[in-house]
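To be precise, the following lines are protein-v3.txt, and they hold compact mmCIF, C-alpha atoms and all ligand atoms.
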# COMPACT_ATOMS: atom_id res chain seq x y z
CA MET A 257 -182.95 158.51 -175.81
CA THR A 258 -180.61 160.71 -173.79
CA LYS A 259 -178.35 158.68 -171.55
CA ARG A 260 -178.98 158.91 -167.82
CA VAL A 261 -176.67 159.05 -164.84
CA VAL A 262 -177.63 158.52 -161.21
CA LEU A 263 -175.64 160.87 -158.98
CA ALA A 264 -175.09 160.47 -155.23
CA TYR A 265 -176.22 163.90 -154.14
CA SER A 266 -175.57 165.58 -150.78
CA GLY A 267 -176.67 169.13 -151.48
CA GLY A 268 -173.17 170.50 -150.98
CA LEU A 269 -171.05 172.51 -153.41
CA ASP A 270 -169.32 169.62 -155.17
CA THR A 271 -172.33 167.44 -155.87
CA SER A 272 -174.35 170.49 -156.96
CA ILE A 273 -171.72 171.46 -159.49
CA ALA A 274 -171.51 167.82 -160.53
CA VAL A 275 -175.12 167.92 -161.72
CA ARG A 276 -174.38 170.70 -164.20
CA TRP A 277 -170.92 169.39 -165.08
CA LEU A 278 -172.32 165.96 -166.03
CA MET A 279 -174.96 167.59 -168.20
CA GLU A 280 -172.42 169.81 -169.97
CA ASN A 281 -169.55 167.38 -170.32
CA HIS A 282 -171.31 164.05 -170.79
CA GLY A 283 -174.54 165.24 -172.38
CA VAL A 284 -176.56 163.14 -169.95
CA GLU A 285 -179.69 163.55 -167.87
CA VAL A 286 -178.93 163.55 -164.18
CA ILE A 287 -181.00 161.83 -161.54
CA ALA A 288 -179.97 163.09 -158.11
CA VAL A 289 -180.29 160.61 -155.27
CA ALA A 290 -179.84 161.79 -151.69
CA VAL A 291 -179.65 159.07 -149.05
CA ASP A 292 -180.58 159.78 -145.44
CA VAL A 293 -178.20 157.73 -143.30
CA GLY A 294 -178.85 159.83 -140.19
CA GLN A 295 -176.71 162.89 -140.91
CA ALA A 296 -177.04 166.28 -139.17
CA SER A 297 -178.50 164.59 -136.11
CA GLU A 298 -177.83 167.50 -133.75
CA ALA A 299 -179.81 169.76 -136.06
CA GLY A 300 -182.74 167.32 -136.06
CA GLY A 301 -181.76 165.98 -139.49
CA GLU A 302 -181.06 167.58 -142.87
CA ASP A 303 -183.61 169.75 -144.64
CA TRP A 304 -184.32 167.15 -147.33
CA ASP A 305 -186.89 169.24 -149.15
CA ALA A 306 -184.37 172.02 -149.59
CA ILE A 307 -181.77 169.53 -150.83
CA ARG A 308 -184.21 168.03 -153.31
CA ASN A 309 -185.19 171.44 -154.61
CA ARG A 310 -181.56 172.49 -154.97
CA ALA A 311 -180.88 169.43 -157.14
CA LEU A 312 -183.83 170.25 -159.36
CA ALA A 313 -182.93 173.94 -159.56
CA THR A 314 -179.43 172.92 -160.59
CA GLY A 315 -180.74 170.94 -163.52
CA ALA A 316 -181.44 167.39 -162.35
CA VAL A 317 -184.35 165.80 -164.22
CA GLU A 318 -185.33 164.01 -161.08
CA ALA A 319 -184.34 164.19 -157.42
CA THR A 320 -185.11 161.50 -154.88
CA VAL A 321 -184.53 161.34 -151.14
CA ILE A 322 -184.27 157.87 -149.66
CA ASP A 323 -184.71 157.28 -145.95
CA ALA A 324 -182.13 154.60 -145.20
CA ARG A 325 -181.75 155.24 -141.47
CA ALA A 326 -183.22 151.97 -140.24
CA GLU A 327 -181.33 150.02 -142.89
CA MET A 328 -178.10 151.81 -141.95
CA ALA A 329 -178.63 150.81 -138.33
CA GLU A 330 -179.75 147.21 -138.83
CA ASP A 331 -177.72 146.07 -141.81
CA PHE A 332 -174.55 148.13 -141.41
CA CYS A 333 -174.04 149.41 -137.84
CA VAL A 334 -175.17 146.17 -136.19
CA PRO A 335 -172.80 143.93 -138.23
CA ALA A 336 -170.01 146.40 -137.43
CA LEU A 337 -170.86 146.03 -133.75
CA LEU A 338 -170.85 142.23 -133.94
CA ALA A 339 -167.38 142.52 -135.51
CA ASN A 340 -166.26 145.01 -132.80
CA ALA A 341 -165.10 146.98 -135.80
CA LYS A 342 -162.45 149.64 -135.27
CA TYR A 343 -160.05 150.41 -138.09
CA GLU A 344 -156.45 150.58 -136.84
CA GLY A 345 -157.84 149.76 -133.42
CA LYS A 346 -159.60 153.11 -133.09
CA TYR A 347 -161.92 154.33 -135.83
CA PRO A 348 -165.39 152.71 -135.87
CA LEU A 349 -165.69 153.02 -139.69
CA VAL A 350 -168.32 155.75 -139.73
CA SER A 351 -167.97 156.83 -143.38
CA ALA A 352 -166.91 153.38 -144.53
CA LEU A 353 -170.26 152.01 -143.33
CA SER A 354 -172.49 154.54 -145.07
CA ARG A 355 -170.93 154.25 -148.53
CA PRO A 356 -172.16 150.71 -149.21
CA VAL A 357 -175.69 151.75 -148.11
CA ILE A 358 -175.59 154.61 -150.59
CA VAL A 359 -174.15 152.34 -153.29
CA LYS A 360 -177.02 149.87 -152.86
CA HIS A 361 -179.54 152.63 -153.47
CA LEU A 362 -177.62 154.20 -156.35
CA VAL A 363 -177.52 150.87 -158.14
CA ALA A 364 -181.23 150.25 -157.51
CA GLU A 365 -182.09 153.71 -158.83
CA ALA A 366 -179.83 153.22 -161.85
CA ARG A 367 -181.74 150.04 -162.69
CA LYS A 368 -185.09 151.72 -162.12
CA HIS A 369 -184.25 154.64 -164.43
CA GLY A 370 -182.32 152.66 -167.02
CA ALA A 371 -179.13 154.62 -166.30
CA HIS A 372 -175.83 153.47 -167.80
CA ALA A 373 -173.70 155.00 -165.03
CA VAL A 374 -173.61 156.18 -161.46
CA ALA A 375 -171.62 159.20 -160.30
CA HIS A 376 -170.25 160.51 -157.00
CA GLY A 377 -168.67 163.74 -155.82
CA CYS A 378 -165.48 162.34 -154.26
CA THR A 379 -162.03 163.61 -155.12
CA GLY A 380 -159.10 161.38 -155.97
CA LYS A 381 -157.43 161.62 -152.57
CA GLY A 382 -159.84 159.84 -150.29
CA ASN A 383 -161.24 156.46 -149.39
CA ASP A 384 -164.81 157.23 -150.31
CA GLN A 385 -164.17 157.09 -154.08
CA VAL A 386 -162.77 153.59 -153.52
CA ARG A 387 -165.87 152.55 -151.59
CA PHE A 388 -168.30 153.97 -154.16
CA GLU A 389 -166.54 152.42 -157.12
CA VAL A 390 -165.55 149.04 -155.75
CA GLY A 391 -169.01 148.71 -154.20
CA THR A 392 -170.74 149.56 -157.47
CA ARG A 393 -168.56 147.13 -159.41
CA ALA A 394 -169.42 144.39 -156.93
CA LEU A 395 -173.16 144.93 -157.23
CA ALA A 396 -173.38 145.93 -160.88
CA PRO A 397 -170.21 145.14 -162.87
CA ASP A 398 -171.84 146.52 -166.03
CA LEU A 399 -172.44 150.04 -164.70
CA GLU A 400 -169.97 152.82 -165.41
CA VAL A 401 -168.82 155.04 -162.56
CA ILE A 402 -168.14 158.72 -163.21
CA ALA A 403 -166.25 160.85 -160.71
CA PRO A 404 -166.64 164.47 -161.87
CA ALA A 405 -164.63 165.98 -159.00
CA ARG A 406 -161.67 163.86 -160.06
CA LEU A 407 -161.94 165.06 -163.65
CA TRP A 408 -162.85 168.73 -163.58
CA GLY A 409 -159.73 170.05 -161.86
CA LEU A 410 -161.52 172.99 -160.21
CA SER A 411 -160.12 174.68 -157.11
CA ARG A 412 -162.53 175.68 -154.35
CA GLU A 413 -162.69 179.26 -155.72
CA GLU A 414 -163.24 178.06 -159.27
CA SER A 415 -166.03 175.79 -158.06
CA ILE A 416 -167.79 178.76 -156.49
CA GLU A 417 -167.37 180.73 -159.75
CA TYR A 418 -168.74 177.79 -161.71
CA ALA A 419 -171.77 177.67 -159.41
CA ALA A 420 -172.33 181.42 -159.87
CA LYS A 421 -172.05 181.13 -163.66
CA TRP A 422 -174.78 178.51 -163.81
CA ASP A 423 -176.98 180.03 -161.10
CA ILE A 424 -176.51 177.01 -158.90
CA PRO A 425 -178.14 177.79 -155.56
CA LEU A 426 -175.84 177.04 -152.64
CA SER A 427 -176.54 176.97 -148.98
CA VAL A 428 -173.95 179.21 -147.41
CA THR A 429 -173.91 177.22 -144.19
CA LYS A 430 -172.83 174.16 -146.15
CA GLU A 431 -169.62 175.81 -147.27
CA LYS A 432 -167.97 175.79 -143.91
CA LEU A 433 -164.41 175.50 -142.80
CA TYR A 434 -164.38 171.75 -142.44
CA SER A 435 -165.15 168.77 -144.59
CA ILE A 436 -167.76 166.86 -142.66
CA ASP A 437 -169.29 163.47 -143.21
CA GLU A 438 -171.94 162.28 -140.82
CA ASN A 439 -174.32 159.42 -140.22
CA LEU A 440 -175.96 157.52 -137.40
CA TRP A 441 -172.64 155.90 -136.39
CA GLY A 442 -170.82 159.22 -135.97
CA LYS A 443 -169.16 162.12 -137.64
CA ALA A 444 -165.84 162.66 -139.44
CA ILE A 445 -164.33 166.14 -139.46
CA GLU A 446 -161.44 167.08 -141.75
CA CYS A 447 -159.71 170.11 -143.33
CA GLY A 448 -159.04 173.62 -142.07
CA VAL A 449 -156.70 174.13 -139.11
CA ILE A 450 -156.87 170.47 -138.13
CA GLU A 451 -154.92 169.49 -141.25
CA ASP A 452 -151.88 170.28 -139.09
CA PRO A 453 -151.66 167.21 -136.85
CA TRP A 454 -150.10 169.32 -134.07
CA ASN A 455 -153.07 171.70 -133.85
CA ARG A 456 -155.63 170.98 -131.18
CA PRO A 457 -159.08 170.70 -132.78
CA PRO A 458 -161.02 173.87 -131.95
CA GLU A 459 -163.98 173.19 -129.69
CA ASP A 460 -166.38 174.34 -132.43
CA VAL A 461 -165.69 171.28 -134.59
CA TYR A 462 -167.61 169.17 -132.09
CA THR A 463 -171.37 169.03 -132.28
CA MET A 464 -172.30 165.53 -131.08
CA THR A 465 -170.10 165.59 -128.00
CA ARG A 466 -170.69 168.97 -126.38
CA PRO A 467 -170.40 168.29 -122.66
CA THR A 468 -173.66 169.62 -121.27
CA ALA A 469 -174.48 166.95 -118.65
CA THR A 470 -173.40 167.92 -115.16
CA GLU A 471 -174.34 164.92 -112.99
CA PRO A 472 -172.86 161.42 -113.37
CA SER A 473 -175.30 158.74 -114.47
CA GLU A 474 -175.55 155.14 -115.59
CA VAL A 475 -177.08 153.51 -118.62
CA VAL A 476 -177.84 149.80 -119.04
CA ILE A 477 -177.68 148.36 -122.54
CA GLY A 478 -179.39 145.02 -123.20
CA PHE A 479 -178.17 142.66 -125.95
CA GLU A 480 -179.71 139.60 -127.58
CA SER A 481 -177.35 137.44 -129.61
CA GLY A 482 -174.98 140.41 -129.88
CA VAL A 483 -177.65 142.84 -131.10
CA PRO A 484 -178.45 145.80 -128.84
CA VAL A 485 -182.17 145.62 -128.01
CA SER A 486 -182.80 147.86 -125.02
CA VAL A 487 -181.69 150.89 -123.03
CA ASP A 488 -182.48 150.90 -119.32
CA GLY A 489 -184.95 148.07 -119.91
CA ARG A 490 -186.85 149.88 -122.66
CA ALA A 491 -186.99 147.83 -125.88
CA LEU A 492 -185.74 149.83 -128.87
CA ASP A 493 -184.98 149.10 -132.50
CA PRO A 494 -181.35 149.66 -133.53
CA GLU A 495 -181.90 153.05 -135.16
CA PRO A 496 -183.62 154.83 -132.25
CA LEU A 497 -181.34 152.99 -129.82
CA ILE A 498 -178.17 154.30 -131.48
CA ALA A 499 -179.70 157.79 -131.84
CA GLU A 500 -180.61 157.85 -128.16
CA LEU A 501 -177.13 156.76 -127.08
CA ASN A 502 -175.60 159.43 -129.32
CA ARG A 503 -177.57 161.98 -127.34
CA THR A 504 -177.05 160.68 -123.80
CA VAL A 505 -173.45 159.56 -124.12
CA GLY A 506 -172.59 162.59 -126.27
CA SER A 507 -173.90 164.96 -123.62
CA TYR A 508 -171.02 163.82 -121.38
CA GLY A 509 -168.48 164.79 -124.02
CA PHE A 510 -167.52 161.15 -124.52
CA GLY A 511 -166.86 159.78 -128.01
CA ARG A 512 -164.14 161.98 -129.50
CA LEU A 513 -161.23 160.58 -131.46
CA ASP A 514 -158.20 162.41 -132.74
CA MET A 515 -155.91 160.25 -134.84
CA VAL A 516 -153.60 159.98 -137.81
CA GLU A 517 -154.87 157.24 -140.07
CA ASN A 518 -153.65 155.33 -143.12
CA ARG A 519 -155.95 155.86 -146.08
CA ARG A 520 -156.26 153.13 -148.73
CA VAL A 521 -154.74 155.48 -151.30
CA GLY A 522 -151.42 155.72 -149.43
CA ILE A 523 -151.94 159.05 -147.66
CA LYS A 524 -151.69 159.55 -143.92
CA SER A 525 -154.36 161.93 -142.74
CA ARG A 526 -155.26 163.62 -139.48
CA GLU A 527 -158.80 162.71 -138.58
CA THR A 528 -161.15 163.98 -135.93
CA TYR A 529 -164.24 161.96 -135.13
CA GLU A 530 -167.22 162.03 -132.83
CA CYS A 531 -168.89 158.68 -132.27
CA PRO A 532 -170.49 158.70 -128.80
CA GLY A 533 -173.14 156.02 -129.38
CA ALA A 534 -170.88 153.78 -131.45
CA LEU A 535 -167.98 153.82 -129.00
CA ALA A 536 -170.26 153.19 -126.02
CA LEU A 537 -171.96 150.29 -127.81
CA LEU A 538 -168.66 148.80 -128.94
CA MET A 539 -167.34 148.96 -125.38
CA ALA A 540 -170.47 147.34 -123.93
CA HIS A 541 -170.68 144.65 -126.61
CA ALA A 542 -167.03 143.63 -126.27
CA ASP A 543 -167.47 143.44 -122.50
CA LEU A 544 -170.47 141.12 -122.80
CA GLU A 545 -168.39 138.88 -125.07
CA ASP A 546 -165.77 138.68 -122.30
CA LEU A 547 -168.50 137.21 -120.12
CA THR A 548 -170.18 134.89 -122.59
CA LEU A 549 -167.70 133.68 -125.22
CA GLU A 550 -165.75 130.47 -124.71
CA ARG A 551 -162.02 131.16 -124.75
CA ASP A 552 -160.96 129.64 -128.10
CA LEU A 553 -163.92 131.11 -129.93
CA HIS A 554 -163.22 134.48 -128.36
CA HIS A 555 -159.53 134.46 -129.22
CA GLU A 556 -160.16 133.44 -132.82
CA LYS A 557 -162.79 136.14 -133.16
CA LEU A 558 -160.37 138.75 -131.82
CA ARG A 559 -157.90 137.72 -134.52
CA LEU A 560 -160.48 138.07 -137.31
CA GLU A 561 -162.01 141.37 -136.23
CA PRO A 562 -159.23 143.65 -137.55
CA ARG A 563 -159.44 141.89 -140.92
CA TRP A 564 -163.16 142.68 -141.18
CA SER A 565 -162.49 146.34 -140.34
CA GLU A 566 -159.75 146.56 -142.96
CA LEU A 567 -161.94 145.05 -145.66
CA VAL A 568 -164.77 147.44 -144.92
CA TYR A 569 -162.44 150.43 -144.66
CA ASP A 570 -160.94 149.45 -148.02
CA GLY A 571 -164.30 149.43 -149.78
CA LEU A 572 -164.81 145.66 -149.81
CA TRP A 573 -168.16 145.56 -147.99
CA PHE A 574 -169.55 143.47 -150.84
CA SER A 575 -166.89 140.77 -151.05
CA PRO A 576 -166.68 137.04 -150.36
CA LEU A 577 -164.25 137.20 -147.42
CA LYS A 578 -166.32 139.88 -145.72
CA GLN A 579 -169.46 137.75 -146.19
CA ALA A 580 -167.74 134.67 -144.79
CA LEU A 581 -166.47 136.62 -141.78
CA ASP A 582 -170.00 137.93 -141.18
CA ALA A 583 -171.24 134.34 -141.07
CA PHE A 584 -168.54 133.46 -138.52
CA PHE A 585 -169.34 136.48 -136.37
CA ALA A 586 -173.09 135.84 -136.52
CA GLU A 587 -172.55 132.25 -135.34
CA SER A 588 -170.24 133.49 -132.57
CA GLN A 589 -173.01 135.70 -131.18
CA ARG A 590 -175.54 132.99 -130.30
CA HIS A 591 -174.97 133.40 -126.57
CA VAL A 592 -173.94 137.05 -126.44
CA THR A 593 -177.10 137.90 -124.52
CA GLY A 594 -177.30 139.98 -121.37
CA GLU A 595 -176.86 143.47 -120.01
CA VAL A 596 -173.97 145.85 -119.59
CA ARG A 597 -173.94 148.76 -117.21
CA LEU A 598 -172.07 151.88 -118.29
CA ARG A 599 -171.19 154.81 -116.11
CA LEU A 600 -170.99 158.32 -117.55
CA ASP A 601 -169.12 161.18 -115.99
CA ARG A 602 -167.21 164.18 -117.34
CA GLY A 603 -165.94 163.00 -120.72
CA GLN A 604 -165.71 159.39 -119.59
CA CYS A 605 -167.77 156.30 -120.23
CA TRP A 606 -166.78 152.98 -118.75
CA VAL A 607 -168.21 149.57 -117.89
CA VAL A 608 -169.13 149.08 -114.23
CA GLY A 609 -171.15 145.86 -114.47
CA ARG A 610 -172.34 143.06 -116.72
CA ARG A 611 -174.69 140.07 -116.38
CA SER A 612 -176.08 137.32 -118.57
CA PRO A 613 -178.42 134.33 -118.22
CA VAL A 614 -175.77 132.34 -120.13
CA SER A 615 -172.72 133.82 -118.45
CA LEU A 616 -169.65 131.57 -118.40
CA TYR A 617 -168.47 133.29 -115.26
CA ASP A 618 -168.87 130.68 -112.50
CA HIS A 619 -168.69 132.24 -109.06
CA GLY A 620 -167.97 128.87 -107.44
CA LEU A 621 -164.92 128.44 -109.64
CA ALA A 622 -163.68 132.01 -109.42
CA THR A 623 -164.14 132.73 -105.73
CA TYR A 624 -161.51 132.63 -103.01
CA ASP A 625 -164.09 132.25 -100.25
CA ALA A 626 -165.56 129.15 -98.63
CA SER A 627 -168.05 128.46 -101.43
CA ASP A 628 -165.11 127.53 -103.66
CA THR A 629 -165.91 124.53 -105.92
CA PHE A 630 -162.58 124.39 -107.76
CA ARG A 631 -160.63 121.08 -107.31
CA HIS A 632 -157.26 122.42 -106.21
CA GLN A 633 -155.55 119.02 -106.39
CA ASP A 634 -156.17 118.93 -110.16
CA ALA A 635 -154.03 122.02 -110.64
CA GLU A 636 -150.73 120.43 -109.60
CA GLY A 637 -150.60 117.79 -112.34
CA PHE A 638 -151.95 120.18 -114.92
CA VAL A 639 -149.29 122.77 -114.22
CA ARG A 640 -146.50 120.15 -114.14
CA LEU A 641 -147.46 118.82 -117.58
CA TRP A 642 -148.01 122.32 -118.91
CA GLY A 643 -144.43 123.19 -118.03
CA LEU A 644 -142.87 119.85 -118.97
CA GLY A 645 -141.75 120.95 -122.42
CA VAL A 646 -139.87 124.03 -121.30
CA ALA A 647 -138.42 122.18 -118.30
CA THR A 648 -136.95 119.54 -120.66
CA TRP A 649 -135.61 122.20 -123.00
CA SER A 650 -134.03 124.07 -120.11
CA ALA A 651 -132.32 120.98 -118.64
CA VAL A 652 -131.09 119.45 -121.90
CA GLN A 653 -130.36 122.36 -124.21
CA GLU A 654 -129.75 125.23 -121.82
CA GLY A 655 -127.88 123.06 -119.26
CA ARG A 656 -129.76 124.56 -116.34
CA ALA A 657 -130.49 121.36 -114.35
CA VAL A 658 -128.57 121.40 -111.04
CA GLY A 659 -126.35 118.33 -110.55
CA GLY A 660 -127.27 117.02 -114.00
CA ALA A 661 -130.62 115.61 -112.82
CA ALA A 662 -132.80 114.72 -115.78
CA VAL A 663 -136.23 116.29 -116.07
CA ALA A 664 -137.82 112.89 -116.46
CA ASP A 665 -136.44 111.88 -113.01
CA SER A 666 -137.81 114.94 -111.32
CA ASN A 667 -141.15 114.23 -112.89
CA ARG A 668 -141.53 110.71 -111.53
N1 LIG A 701 -161.14 159.10 -143.14
C1 LIG A 701 -162.46 158.64 -142.92
C2 LIG A 701 -162.75 157.44 -143.78
O1 LIG A 701 -162.07 157.20 -144.72
C3 LIG A 701 -163.46 159.72 -143.07
C4 LIG A 701 -163.83 160.13 -144.45
C5 LIG A 701 -164.75 161.28 -144.41
N2 LIG A 701 -165.25 161.62 -145.71
C6 LIG A 701 -165.46 162.86 -146.11
N3 LIG A 701 -165.94 163.03 -147.28
N4 LIG A 701 -165.17 163.91 -145.37
O2 LIG A 701 -163.63 156.69 -143.53

Before anything else, please render the file you have as structure tokens.
Ligand code: ARG
Amino acid sequence: MTKRVVLAYSGGLDTSIAVRWLMENHGVEVIAVAVDVGQASEAGGEDWDAIRNRALATGAVEATVIDARAEMAEDFCVPALLANAKYEGKYPLVSALSRPVIVKHLVAEARKHGAHAVAHGCTGKGNDQVRFEVGTRALAPDLEVIAPARLWGLSREESIEYAAKWDIPLSVTKEKLYSIDENLWGKAIECGVIEDPWNRPPEDVYTMTRPTATEPSEVVIGFESGVPVSVDGRALDPEPLIAELNRTVGSYGFGRLDMVENRRVGIKSRETYECPGALALLMAHADLEDLTLERDLHHEKLRLEPRWSELVYDGLWFSPLKQALDAFFAESQRHVTGEVRLRLDRGQCWVVGRRSPVSLYDHGLATYDASDTFRHQDAEGFVRLWGLGVATWSAVQEGRAVGGAAVADSNR
């Protein structure tokens, strides 16, 4: 029987050529698998029928489209939200979150079709190859991974010639100036003029954050145990909730990032992102934690969050430390329940209010007015003991005590 390979297929130039290239160079049958993780949202979604037909016309023996939008939202975006995940403090891991979803489906399809390998269209310079391969090895250590674009050594022009030679149908609109990767959690835009980190990204790179709203407004996001469950009091599942926030928050032009980031493969790259829904949700979720998390738990969580983001960025979604951190974060969220009020106005989104039935904010303790319940006399002894160590150090080792008085005396 001819060997079979399951290819992660996007419908673009590289994965289309990969179908033919795998057939010619590996003598295999290709099963093209396209995974819908919520890309092309502003266009109302991809034309999946066209993508499927292109794979078949290119030579795939089978082409499948998998709707993974709800899974992407619930099993990937939500855990990222619980972890307040931002790589290098900024990037909410857009592409890094979709790769493990795709990997899960590639492996399942490989099993279903008795394939010996999976393949992807990534080049050797990016993070996505790392995520595809490390993810596949974690879920199916016996499967081979083939990366045609790393092997064929074709320039962009040669790729187009190759496509012409084999009558590979291409959608012209796909071959644009930028390299774009998109899903429910946002959009990454690379290449073209923005490869020069000094160049301002041209306005036309942005599609999710075109500022069309003219009047300021507010949006209230409800959370239950850290999971976003409502918008303005309307209950929504994670996928429609994120999609709706992408639209409303994006219409204020909020959610753009322009950064230089450290790729896993040692390259610094200039990255432009649009993540309106993700950044608004991350802001609201972190704010609700300020209100509901006990101090030690909160501080420890803040220390672990960057580690989670690094693991996921580095392709270790399926790994024991990441799993253990997920368990910690899930436990930390038991009381992260309540509502956060966001204000939207001209490119800005910020928190203007928060409330929770299990808030740790105690007005009686915090207030400076007559309803004050704080026992002021307790503070004096607390502060004296708190400072005792440094007072002793200062007197004995720094010689700062006036007239040689010992600290112990002044404490009696
Ligand atoms: N630098 C980002 C990341 O590593 C974005 C990658 C975008 N991928 C792409 N094929 N254009 O997550």

For chain A against ligand LIG 701 (chain A), with a cut-off of 7 Å and counting all atoms listed in the file, what is the closest atom pair and its distance in Å to one decimal for every residue that makes the cut, ordered by chain and number, as a Markdown table?
| residue | atom | partner | partner_atom | distance |
| --- | --- | --- | --- | --- |
| A:Leu349 | CA | A:LIG701 | O2 | 5.7 |
| A:Val350 | CA | A:LIG701 | O2 | 6.1 |
| A:Ser351 | CA | A:LIG701 | O2 | 4.3 |
| A:Ala352 | CA | A:LIG701 | O2 | 4.8 |
| A:Gly382 | CA | A:LIG701 | O1 | 6.6 |
| A:Asn383 | CA | A:LIG701 | O1 | 4.8 |
| A:Asp384 | CA | A:LIG701 | O1 | 6.2 |
| A:Ser435 | CA | A:LIG701 | N4 | 4.9 |
| A:Ile436 | CA | A:LIG701 | N4 | 4.8 |
| A:Asp437 | CA | A:LIG701 | N4 | 4.7 |
| A:Ala444 | CA | A:LIG701 | C3 | 5.2 |
| A:Ile445 | CA | A:LIG701 | N4 | 6.4 |
| A:Glu446 | CA | A:LIG701 | N4 | 6.1 |
| A:Arg519 | CA | A:LIG701 | O1 | 6.4 |
| A:Glu527 | CA | A:LIG701 | N1 | 6.3 |
| A:Tyr569 | CA | A:LIG701 | O2 | 6.5 |

Let me know the centre plus edge lengths, in Å and rounded to one decimal, of a box with edges along x, y and z that contains all listed atoms of range 375-380 of chain A and is padded by 3 Å on every side, as AutoDock Vina command-line options.
--center_x -165.4 --center_y 161.5 --center_z -157.3 --size_x 18.5 --size_y 10.5 --size_z 12.0

Quote the spacing between CA of Thr528 in chain A and CA of Met328 in chain A in Å to one decimal place.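 Computed distance, CA of Thr528 in chain A to CA of Met328 in chain A, equals 21.7 Å.
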
Using only C-alpha atoms, which of A:Phe574, A:Trp564, A:Phe332, A:Phe479 sits nearest Gly345 in chain A? A:Trp564

I need the residue nearest Gly482 in chain A from this list: A:Glu438, A:Glu545, A:Glu280, A:Asp570. Use only C-alpha atoms for the distance. A:Glu545

Which residue of A:Ser575, A:Ser565, A:Asn281, A:Ser266 approaches Asn340 in chain A most closely, using all atoms listed in the file: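 Looking at the shortest contact to Asn340 in chain A, the residue is A:Ser565.
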
Of the listed residues A:Trp642, A:Trp304, A:Phe630, A:Trp441, that which approaches Asp292 in chain A most closely, counting only C-alpha atoms: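 Of A:Trp642, A:Trp304, A:Phe630, A:Trp441, the one nearest Asp292 in chain A, counting only C-alpha atoms, is A:Trp304.
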
Would you list the contacts of range 590-603 of chain A as a VMD selection string, taking every protein, DNA or RNA residue within 7 Å and counting only C-alpha atoms, but skipping same-chain residues closer than 4 positions in sequence? chain A and resid 472 to 482 508 to 510 540 544 to 545 548 607 to 614

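Rounded to one decimal, CA of Arg503 in chain A and CA of Ser615 in chain A lie 29.9 Å from each other.
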
Around (-170.2, 170.1, -131.2) in the file's frame, which residues reach within 12 Å when counting all atoms listed in the file? Return as a PDB file with C-alpha atoms, keeping the file's coordinate frame?
ATOM      1  CA  ALA A 296    -177.040 166.280-139.170  1.00  0.00           C
ATOM      2  CA  SER A 297    -178.500 164.590-136.110  1.00  0.00           C
ATOM      3  CA  GLU A 298    -177.830 167.500-133.750  1.00  0.00           C
ATOM      4  CA  ALA A 299    -179.810 169.760-136.060  1.00  0.00           C
ATOM      5  CA  GLY A 442    -170.820 159.220-135.970  1.00  0.00           C
ATOM      6  CA  LYS A 443    -169.160 162.120-137.640  1.00  0.00           C
ATOM      7  CA  ALA A 444    -165.840 162.660-139.440  1.00  0.00           C
ATOM      8  CA  ILE A 445    -164.330 166.140-139.460  1.00  0.00           C
ATOM      9  CA  PRO A 457    -159.080 170.700-132.780  1.00  0.00           C
ATOM     10  CA  PRO A 458    -161.020 173.870-131.950  1.00  0.00           C
ATOM     11  CA  GLU A 459    -163.980 173.190-129.690  1.00  0.00           C
ATOM     12  CA  ASP A 460    -166.380 174.340-132.430  1.00  0.00           C
ATOM     13  CA  VAL A 461    -165.690 171.280-134.590  1.00  0.00           C
ATOM     14  CA  TYR A 462    -167.610 169.170-132.090  1.00  0.00           C
ATOM     15  CA  THR A 463    -171.370 169.030-132.280  1.00  0.00           C
ATOM     16  CA  MET A 464    -172.300 165.530-131.080  1.00  0.00           C
ATOM     17  CA  THR A 465    -170.100 165.590-128.000  1.00  0.00           C
ATOM     18  CA  ARG A 466    -170.690 168.970-126.380  1.00  0.00           C
ATOM     19  CA  PRO A 467    -170.400 168.290-122.660  1.00  0.00           C
ATOM     20  CA  THR A 468    -173.660 169.620-121.270  1.00  0.00           C
ATOM     21  CA  ARG A 503    -177.570 161.980-127.340  1.00  0.00           C
ATOM     22  CA  GLY A 506    -172.590 162.590-126.270  1.00  0.00           C
ATOM     23  CA  SER A 507    -173.900 164.960-123.620  1.00  0.00           C
ATOM     24  CA  TYR A 508    -171.020 163.820-121.380  1.00  0.00           C
ATOM     25  CA  GLY A 509    -168.480 164.790-124.020  1.00  0.00           C
ATOM     26  CA  PHE A 510    -167.520 161.150-124.520  1.00  0.00           C
ATOM     27  CA  GLY A 511    -166.860 159.780-128.010  1.00  0.00           C
ATOM     28  CA  ARG A 512    -164.140 161.980-129.500  1.00  0.00           C
ATOM     29  CA  THR A 528    -161.150 163.980-135.930  1.00  0.00           C
ATOM     30  CA  TYR A 529    -164.240 161.960-135.130  1.00  0.00           C
ATOM     31  CA  GLU A 530    -167.220 162.030-132.830  1.00  0.00           C
ATOM     32  CA  CYS A 531    -168.890 158.680-132.270  1.00  0.00           C
ATOM     33  CA  PRO A 532    -170.490 158.700-128.800  1.00  0.00           C
TER      34      PRO A 532
END
